[in-house]
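Peer 1: Just dropping this structure here.
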Protein chains: 2
Amino acid sequence: MNAGQLTELIKKKKSFLCVGLDTDIQRIPQFLHNGNDPVFEFNKRIIDATLPYAAAYKPNLAFYESLGAKGWESLRKTTEYLRTKEKEIFIIADAKRGDIGNTSAMYARTFFEVFDFDAVTLSPYMGFDTVEPFLQYEDKWVIILGLTSNKSASDFEELPLQNGQRLYEKVLETASQWGTRNQIMFVAGATQAKAFGQIRKIVPGHFLLVPGIGAQGGSLGEVAAQGMNSNCGLLVNSSRGIIYASGGKDFAEKAAEQALSIQQKMKRLLREKGIL
Amino acid sequence: MNAGQLTELIKKKKSFLCVGLDTDIQRIPQFLHNGNDPVFEFNKRIIDATLPYAAAYKPNLAFYESLGAKGWESLRKTTEYLRTKEKEIFIIADAKRGDIGNTSAMYARTFFEVFDFDAVTLSPYMGFDTVEPFLQYEDKWVIILGLTSNKSASDFEELPLQNGQRLYEKVLETASQWGTRNQIMFVAGATQAKAFGQIRKIVPGHFLLVPGIGAQGGSLGEVAAQGMNSNCGLLVNSSRGIIYASGGKDFAEKAAEQALSIQQKMKRLLREKGIL
């Protein structure tokens, strides 16, 4: 999927919502634990309930890896199920990998060949070598950490460099030259909305993946006001606020309600911007 | 294992060699492919052959993940086999993870509870939040990327900051305050030996994990001259140079020869430093 197709998908869904599948076996409703694969069963029902309102899904790999081989099997089934339900849906591996050379090539193979993800999140610390192997795949994306939503983003990401830039600004500037706007997007935390103006100066046309609304306290309205461009240019993620909206038998219903509520706001924001 | 015990292990083995298990299914000798789990069979024989000469092993997770659930099963069997053969061996998950909050806690659970690794490699980009959950585990380690062995380390790691430090120097300085020398070590690439003096000024007492000898061209002698401290303070990794020393039936034998040859050099270096 290229950037134009992603914008078309957002227009079709009237939504730039990404549903984060941070599926924690310890938070899955009790009645699902009787089955053979509670994590997949949970995801399947969340997907069925939220698919009309979402443009993207983002399994968070930490949660699957914590179950070892069984977790990776649940992950495989989840991505396959998504593709079966809707071929043109944007699926992100939230893996935050970052290695080099043949190791990086192996990660690219994993996420783009063994699995059929559209995009992978990557850490930029080791530089271009981390990203290069992923760029060999047509219509696939890397999503590079820019300015993240957590408190300790100030430890390094916001450090002032000798040339006056902050580190994250340099990352955006440098990494945006590594490939096209059809291959590279950046993570920008919703709690950092005050910095979105500056981010948009550096990467006006790129898509941004924005975590941090909901549980982490970021505001969708502010993110859109500061970060939306004429192609939308945003995927805004919500994980816990949707998938754990209820811990009971009605978890999927409540997840749908939450996703619908966000989608309604997004529809308004897309209209205000003249995208719909 | 704490830092003192790691030094004792190095003295016992007369070696600070870490064998990198970058086990690529496409490079495993043909005759092993008949079995049910060629990756584990390969690792088992490499471990049997090299264990007398190594203080540490470092499975590189990219290679296991590329096989999906089956790869994670091979990884589990490999770490369990290592513990069975030798309880006091240092096992590193080369995962280069870097996330925050409940995601980071989940990664810590995976590597320290689901698996029995001693240490995990982490990327520092997102700051302290990435590392904190791992520090809750007694006798377990994080290994934080400092200055890596690849060419594009210059993209960000070596950037000069406003205060005159390079980014990697600031990472070493800041992250060394997050925990004790029994919990935190740093990655310093062997190809960066000219920077080891500077690294040792900032973290004189910390252990360093040093990749980049062998295939990547770094020199063991130079690394030891610049980086060894009175507790050794080094784990030097070799992956491809050992495990792919031969692609034939004699791969384990040749791996042992390579590991022995490195161990002999290390023994000399430890003696010269008065550690043995």
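So you can find residues: chains in the structure tokens are A, B, ... in the order shown, residues in each start at 1, and ligands are numbered from 1 in order.
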According to DSSP computed on the backbone, where in stretch 19-109 of chain B is there strand (DSSP E or B)? Give the residues as a list in words.

Peer 2: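 The strand (DSSP E or B) subset of stretch 19-109 of chain B is Val19, Gly20, Leu21, Ala56, Tyr57, Lys58, Pro59, Asn60, Phe90, Ile91, Ile92, Ala93, Asp94, Ala95, Lys96 and Arg97 of chain B.
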
Peer 1: Quick one: write out the picked residues with C-alpha atoms as a short mmCIF file (atom, residue, chain, number, x, y, z; two decimals), in the first residue's frame?

Peer 2:
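Result file is out14.cif:
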```
data_model
loop_
_atom_site.label_atom_id
_atom_site.label_comp_id
_atom_site.auth_asym_id
_atom_site.auth_seq_id
_atom_site.Cartn_x
_atom_site.Cartn_y
_atom_site.Cartn_z
CA VAL B 19 29.46 -17.03 21.00
CA GLY B 20 26.76 -15.41 18.88
CA LEU B 21 24.08 -17.87 17.86
CA ALA B 56 28.60 -16.38 27.24
CA TYR B 57 26.19 -17.16 24.42
CA LYS B 58 24.09 -14.67 22.54
CA PRO B 59 21.18 -15.92 20.45
CA ASN B 60 20.25 -13.22 17.95
CA PHE B 90 25.87 -16.05 30.78
CA ILE B 91 23.04 -16.03 28.23
CA ILE B 92 22.18 -12.86 26.34
CA ALA B 93 19.01 -12.25 24.33
CA ASP B 94 20.21 -10.05 21.48
CA ALA B 95 16.82 -8.48 20.99
CA LYS B 96 17.55 -4.74 20.87
CA ARG B 97 14.11 -4.02 22.20
#
```

Peer 1: Can you give me chain A superposed onto chain B, least-squares on all Cα in order, written as a compact mmCIF listing (two decimals) with C-alpha atoms, in the first residue's frame?

Peer 2:
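The result, written out as part-v8.txt:
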```txt
# COMPACT_ATOMS: atom_id res chain seq x y z
CA MET A 1 24.63 -13.41 38.11
CA ASN A 2 26.27 -10.21 39.35
CA ALA A 3 29.41 -8.52 38.02
CA GLY A 4 31.70 -10.29 40.48
CA GLN A 5 30.32 -13.66 39.50
CA LEU A 6 30.71 -12.83 35.83
CA THR A 7 34.39 -12.02 36.40
CA GLU A 8 34.76 -15.32 38.27
CA LEU A 9 33.18 -17.14 35.33
CA ILE A 10 35.62 -15.42 32.97
CA LYS A 11 38.54 -16.46 35.18
CA LYS A 12 37.31 -20.04 35.33
CA LYS A 13 36.90 -20.23 31.56
CA LYS A 14 40.05 -18.16 30.96
CA SER A 15 37.88 -16.57 28.33
CA PHE A 16 35.63 -13.58 27.80
CA LEU A 17 34.27 -15.00 24.57
CA CYS A 18 30.58 -14.71 23.78
CA VAL A 19 29.44 -17.03 21.00
CA GLY A 20 26.77 -15.41 18.88
CA LEU A 21 24.07 -17.86 17.87
CA ASP A 22 22.94 -16.09 14.68
CA THR A 23 21.61 -19.38 13.41
CA ASP A 24 20.33 -18.95 9.86
CA ILE A 25 18.27 -21.90 8.64
CA GLN A 26 19.61 -21.24 5.14
CA ARG A 27 23.22 -21.67 6.29
CA ILE A 28 22.82 -24.83 8.35
CA PRO A 29 24.64 -27.85 6.85
CA GLN A 30 22.37 -29.90 4.64
CA PHE A 31 22.56 -33.13 6.65
CA LEU A 32 20.89 -31.46 9.65
CA HIS A 33 17.79 -30.61 7.65
CA ASN A 34 16.46 -34.15 7.96
CA GLY A 35 15.72 -33.72 11.65
CA ASN A 36 12.67 -32.17 13.25
CA ASP A 37 14.41 -29.02 14.48
CA PRO A 38 17.54 -28.24 12.45
CA VAL A 39 18.12 -24.90 14.20
CA PHE A 40 18.21 -26.49 17.64
CA GLU A 41 20.28 -29.43 16.40
CA PHE A 42 22.82 -26.99 14.98
CA ASN A 43 22.92 -24.93 18.18
CA LYS A 44 23.23 -28.03 20.35
CA ARG A 45 26.31 -29.19 18.47
CA ILE A 46 27.82 -25.70 18.42
CA ILE A 47 27.28 -25.46 22.18
CA ASP A 48 28.77 -28.90 22.85
CA ALA A 49 31.81 -27.98 20.78
CA THR A 50 32.45 -24.45 22.08
CA LEU A 51 31.33 -24.54 25.72
CA PRO A 52 34.84 -25.12 27.13
CA TYR A 53 36.00 -21.88 25.51
CA ALA A 54 33.07 -19.52 26.04
CA ALA A 55 31.76 -17.50 28.98
CA ALA A 56 28.59 -16.38 27.24
CA TYR A 57 26.17 -17.17 24.43
CA LYS A 58 24.08 -14.68 22.54
CA PRO A 59 21.17 -15.92 20.45
CA ASN A 60 20.24 -13.22 17.95
CA LEU A 61 16.47 -13.14 18.03
CA ALA A 62 16.00 -11.98 14.45
CA PHE A 63 17.07 -15.38 13.22
CA TYR A 64 14.60 -17.26 15.40
CA GLU A 65 11.70 -14.90 14.74
CA SER A 66 12.16 -15.37 11.01
CA LEU A 67 10.82 -18.90 11.53
CA GLY A 68 7.75 -17.74 13.47
CA ALA A 69 6.48 -19.96 16.27
CA LYS A 70 8.84 -22.79 15.32
CA GLY A 71 11.83 -20.47 15.69
CA TRP A 72 10.74 -19.43 19.18
CA GLU A 73 10.53 -23.08 20.11
CA SER A 74 14.10 -23.61 18.87
CA LEU A 75 15.16 -20.63 20.95
CA ARG A 76 13.52 -22.01 24.07
CA LYS A 77 15.17 -25.39 23.61
CA THR A 78 18.54 -23.71 23.03
CA THR A 79 18.48 -21.69 26.25
CA GLU A 80 17.24 -24.68 28.22
CA TYR A 81 19.97 -26.86 26.77
CA LEU A 82 22.60 -24.30 27.71
CA ARG A 83 21.37 -24.22 31.33
CA THR A 84 21.36 -28.01 31.50
CA LYS A 85 24.91 -28.24 30.23
CA GLU A 86 26.24 -25.50 32.49
CA LYS A 87 24.16 -23.70 35.06
CA GLU A 88 26.59 -20.78 35.39
CA ILE A 89 26.80 -19.59 31.81
CA PHE A 90 25.87 -16.05 30.78
CA ILE A 91 23.03 -16.02 28.23
CA ILE A 92 22.17 -12.85 26.34
CA ALA A 93 19.00 -12.23 24.34
CA ASP A 94 20.20 -10.05 21.49
CA ALA A 95 16.81 -8.47 20.99
CA LYS A 96 17.55 -4.73 20.86
CA ARG A 97 14.09 -4.02 22.20
CA GLY A 98 13.10 -0.56 23.30
CA ASP A 99 9.58 0.28 24.39
CA ILE A 100 7.89 1.80 27.42
CA GLY A 101 5.54 1.21 30.31
CA ASN A 102 3.48 -1.95 30.23
CA THR A 103 5.04 -3.00 26.90
CA SER A 104 8.52 -2.81 28.33
CA ALA A 105 7.36 -4.73 31.40
CA MET A 106 6.02 -7.42 29.07
CA TYR A 107 9.37 -7.72 27.30
CA ALA A 108 11.12 -8.05 30.67
CA ARG A 109 8.71 -10.81 31.65
CA THR A 110 9.38 -12.60 28.37
CA PHE A 111 13.15 -12.63 28.62
CA PHE A 112 13.57 -13.06 32.38
CA GLU A 113 10.55 -15.19 33.35
CA VAL A 114 9.27 -17.06 30.28
CA PHE A 115 12.86 -17.49 29.12
CA ASP A 116 15.80 -17.68 31.52
CA PHE A 117 18.13 -15.14 29.92
CA ASP A 118 20.68 -13.31 32.07
CA ALA A 119 20.62 -10.19 29.93
CA VAL A 120 18.80 -8.41 27.13
CA THR A 121 20.13 -5.85 24.67
CA LEU A 122 18.07 -2.63 24.61
CA SER A 123 18.00 0.53 22.51
CA PRO A 124 18.19 3.72 24.62
CA TYR A 125 16.31 6.05 22.25
CA MET A 126 13.12 6.34 24.36
CA GLY A 127 15.06 6.87 27.61
CA PHE A 128 14.75 5.48 31.11
CA ASP A 129 11.17 4.22 30.65
CA THR A 130 12.58 1.56 28.31
CA VAL A 131 14.96 0.17 30.89
CA GLU A 132 13.15 0.54 34.20
CA PRO A 133 11.02 -2.65 34.22
CA PHE A 134 14.06 -4.81 33.53
CA LEU A 135 15.89 -3.42 36.58
CA GLN A 136 13.30 -4.93 38.93
CA TYR A 137 14.79 -8.39 38.39
CA GLU A 138 17.62 -9.38 40.70
CA ASP A 139 20.83 -10.65 39.11
CA LYS A 140 19.58 -9.82 35.62
CA TRP A 141 21.12 -7.33 33.21
CA VAL A 142 20.27 -4.84 30.54
CA ILE A 143 22.84 -4.22 27.83
CA ILE A 144 22.27 -0.78 26.39
CA LEU A 145 23.43 0.24 22.93
CA GLY A 146 26.27 2.73 23.28
CA LEU A 147 28.52 3.08 20.23
CA THR A 148 27.82 0.34 17.71
CA SER A 149 30.08 -1.28 15.14
CA ASN A 150 28.21 -0.29 11.99
CA LYS A 151 29.02 2.46 9.51
CA SER A 152 25.87 4.47 10.13
CA ALA A 153 26.63 4.76 13.84
CA SER A 154 27.69 8.22 12.68
CA ASP A 155 24.10 9.14 11.69
CA PHE A 156 22.99 9.73 15.26
CA GLU A 157 25.19 8.00 17.88
CA GLU A 158 28.18 10.21 17.15
CA LEU A 159 26.28 13.49 16.78
CA PRO A 160 27.78 16.33 18.81
CA LEU A 161 25.42 17.73 21.43
CA GLN A 162 25.17 21.32 22.54
CA ASN A 163 27.17 20.53 25.70
CA GLY A 164 30.08 19.21 23.65
CA GLN A 165 29.44 15.52 24.25
CA ARG A 166 28.61 13.06 21.51
CA LEU A 167 25.18 11.43 21.82
CA TYR A 168 26.65 8.01 22.72
CA GLU A 169 28.75 9.61 25.47
CA LYS A 170 25.61 11.18 26.92
CA VAL A 171 23.84 7.80 26.71
CA LEU A 172 26.68 6.12 28.61
CA GLU A 173 26.79 8.88 31.20
CA THR A 174 23.03 9.04 31.76
CA ALA A 175 22.21 5.34 31.57
CA SER A 176 25.07 4.36 33.88
CA GLN A 177 23.15 6.24 36.61
CA TRP A 178 19.96 4.21 36.12
CA GLY A 179 21.19 1.20 38.05
CA THR A 180 24.30 -0.49 39.37
CA ARG A 181 27.28 -2.05 37.62
CA ASN A 182 25.64 -5.37 38.43
CA GLN A 183 22.67 -4.56 36.22
CA ILE A 184 23.83 -2.44 33.33
CA MET A 185 26.38 -3.00 30.60
CA PHE A 186 26.87 -1.28 27.27
CA VAL A 187 27.38 -2.31 23.68
CA ALA A 188 30.60 -0.92 22.20
CA GLY A 189 31.58 -2.08 18.73
CA ALA A 190 35.05 -3.55 18.16
CA THR A 191 35.40 -1.47 15.01
CA GLN A 192 35.21 1.59 17.28
CA ALA A 193 38.35 0.69 19.27
CA LYS A 194 39.69 4.24 18.88
CA ALA A 195 36.75 5.39 21.01
CA PHE A 196 37.27 2.84 23.79
CA GLY A 197 39.54 5.17 25.75
CA GLN A 198 36.78 7.76 25.82
CA ILE A 199 34.17 5.11 26.69
CA ARG A 200 36.31 3.92 29.60
CA LYS A 201 36.58 7.48 30.90
CA ILE A 202 32.78 7.58 31.23
CA VAL A 203 32.14 4.01 32.41
CA PRO A 204 35.45 2.76 33.82
CA GLY A 205 33.95 -0.08 35.81
CA HIS A 206 31.09 -1.32 33.63
CA PHE A 207 31.10 -4.43 31.52
CA LEU A 208 31.05 -3.85 27.77
CA LEU A 209 29.57 -6.24 25.24
CA VAL A 210 31.76 -5.95 22.16
CA PRO A 211 30.54 -7.25 18.81
CA GLY A 212 32.43 -6.73 15.58
CA ILE A 213 35.54 -8.88 15.72
CA GLY A 214 35.81 -11.42 12.91
CA ALA A 215 33.43 -10.80 10.00
CA GLN A 216 33.14 -7.09 10.82
CA GLY A 217 36.92 -6.57 11.06
CA GLY A 218 37.53 -5.40 14.65
CA SER A 219 40.73 -6.42 16.46
CA LEU A 220 40.61 -8.36 19.73
CA GLY A 221 44.04 -7.12 20.79
CA GLU A 222 43.09 -3.50 20.31
CA VAL A 223 39.76 -3.95 22.10
CA ALA A 224 41.52 -5.51 25.09
CA ALA A 225 44.27 -2.89 25.13
CA GLN A 226 41.77 -0.04 25.17
CA GLY A 227 38.82 -1.58 26.94
CA MET A 228 39.86 -4.16 29.52
CA ASN A 229 39.65 -3.12 33.16
CA SER A 230 40.83 -4.87 36.32
CA ASN A 231 37.70 -7.08 36.39
CA CYS A 232 38.09 -7.81 32.68
CA GLY A 233 34.94 -5.79 31.98
CA LEU A 234 34.58 -7.23 28.51
CA LEU A 235 32.49 -9.82 26.74
CA VAL A 236 33.69 -10.04 23.16
CA ASN A 237 31.29 -11.61 20.71
CA SER A 238 31.99 -13.63 17.60
CA SER A 239 29.13 -15.10 15.61
CA ARG A 240 29.70 -15.98 11.96
CA GLY A 241 33.46 -16.48 12.40
CA ILE A 242 32.73 -19.38 14.73
CA ILE A 243 29.40 -20.93 13.82
CA TYR A 244 30.00 -20.83 10.07
CA ALA A 245 33.72 -21.68 10.19
CA SER A 246 32.76 -24.65 8.02
CA GLY A 247 29.56 -25.33 6.11
CA GLY A 248 30.14 -29.08 6.07
CA LYS A 249 29.79 -32.07 8.36
CA ASP A 250 32.75 -30.80 10.38
CA PHE A 251 31.06 -27.50 11.28
CA ALA A 252 31.11 -28.16 15.03
CA GLU A 253 34.76 -29.26 14.98
CA LYS A 254 35.76 -26.15 13.04
CA ALA A 255 33.67 -23.96 15.36
CA ALA A 256 35.56 -25.45 18.31
CA GLU A 257 38.89 -24.72 16.63
CA GLN A 258 37.92 -21.09 16.07
CA ALA A 259 36.59 -20.69 19.62
CA LEU A 260 39.73 -22.31 21.05
CA SER A 261 41.95 -20.01 19.02
CA ILE A 262 40.13 -16.93 20.33
CA GLN A 263 40.14 -18.32 23.88
CA GLN A 264 43.92 -18.83 23.73
CA LYS A 265 44.39 -15.20 22.77
CA MET A 266 42.00 -14.12 25.52
CA LYS A 267 43.89 -16.20 28.10
CA ARG A 268 47.10 -14.39 27.15
CA LEU A 269 45.37 -11.00 27.38
CA LEU A 270 43.89 -11.83 30.80
CA ARG A 271 47.33 -12.93 32.02
CA GLU A 272 49.01 -9.80 30.71
CA LYS A 273 46.46 -7.75 32.63
CA GLY A 274 47.12 -9.77 35.80
CA ILE A 275 43.55 -11.07 35.99
CA LEU A 276 44.66 -14.70 35.75
```
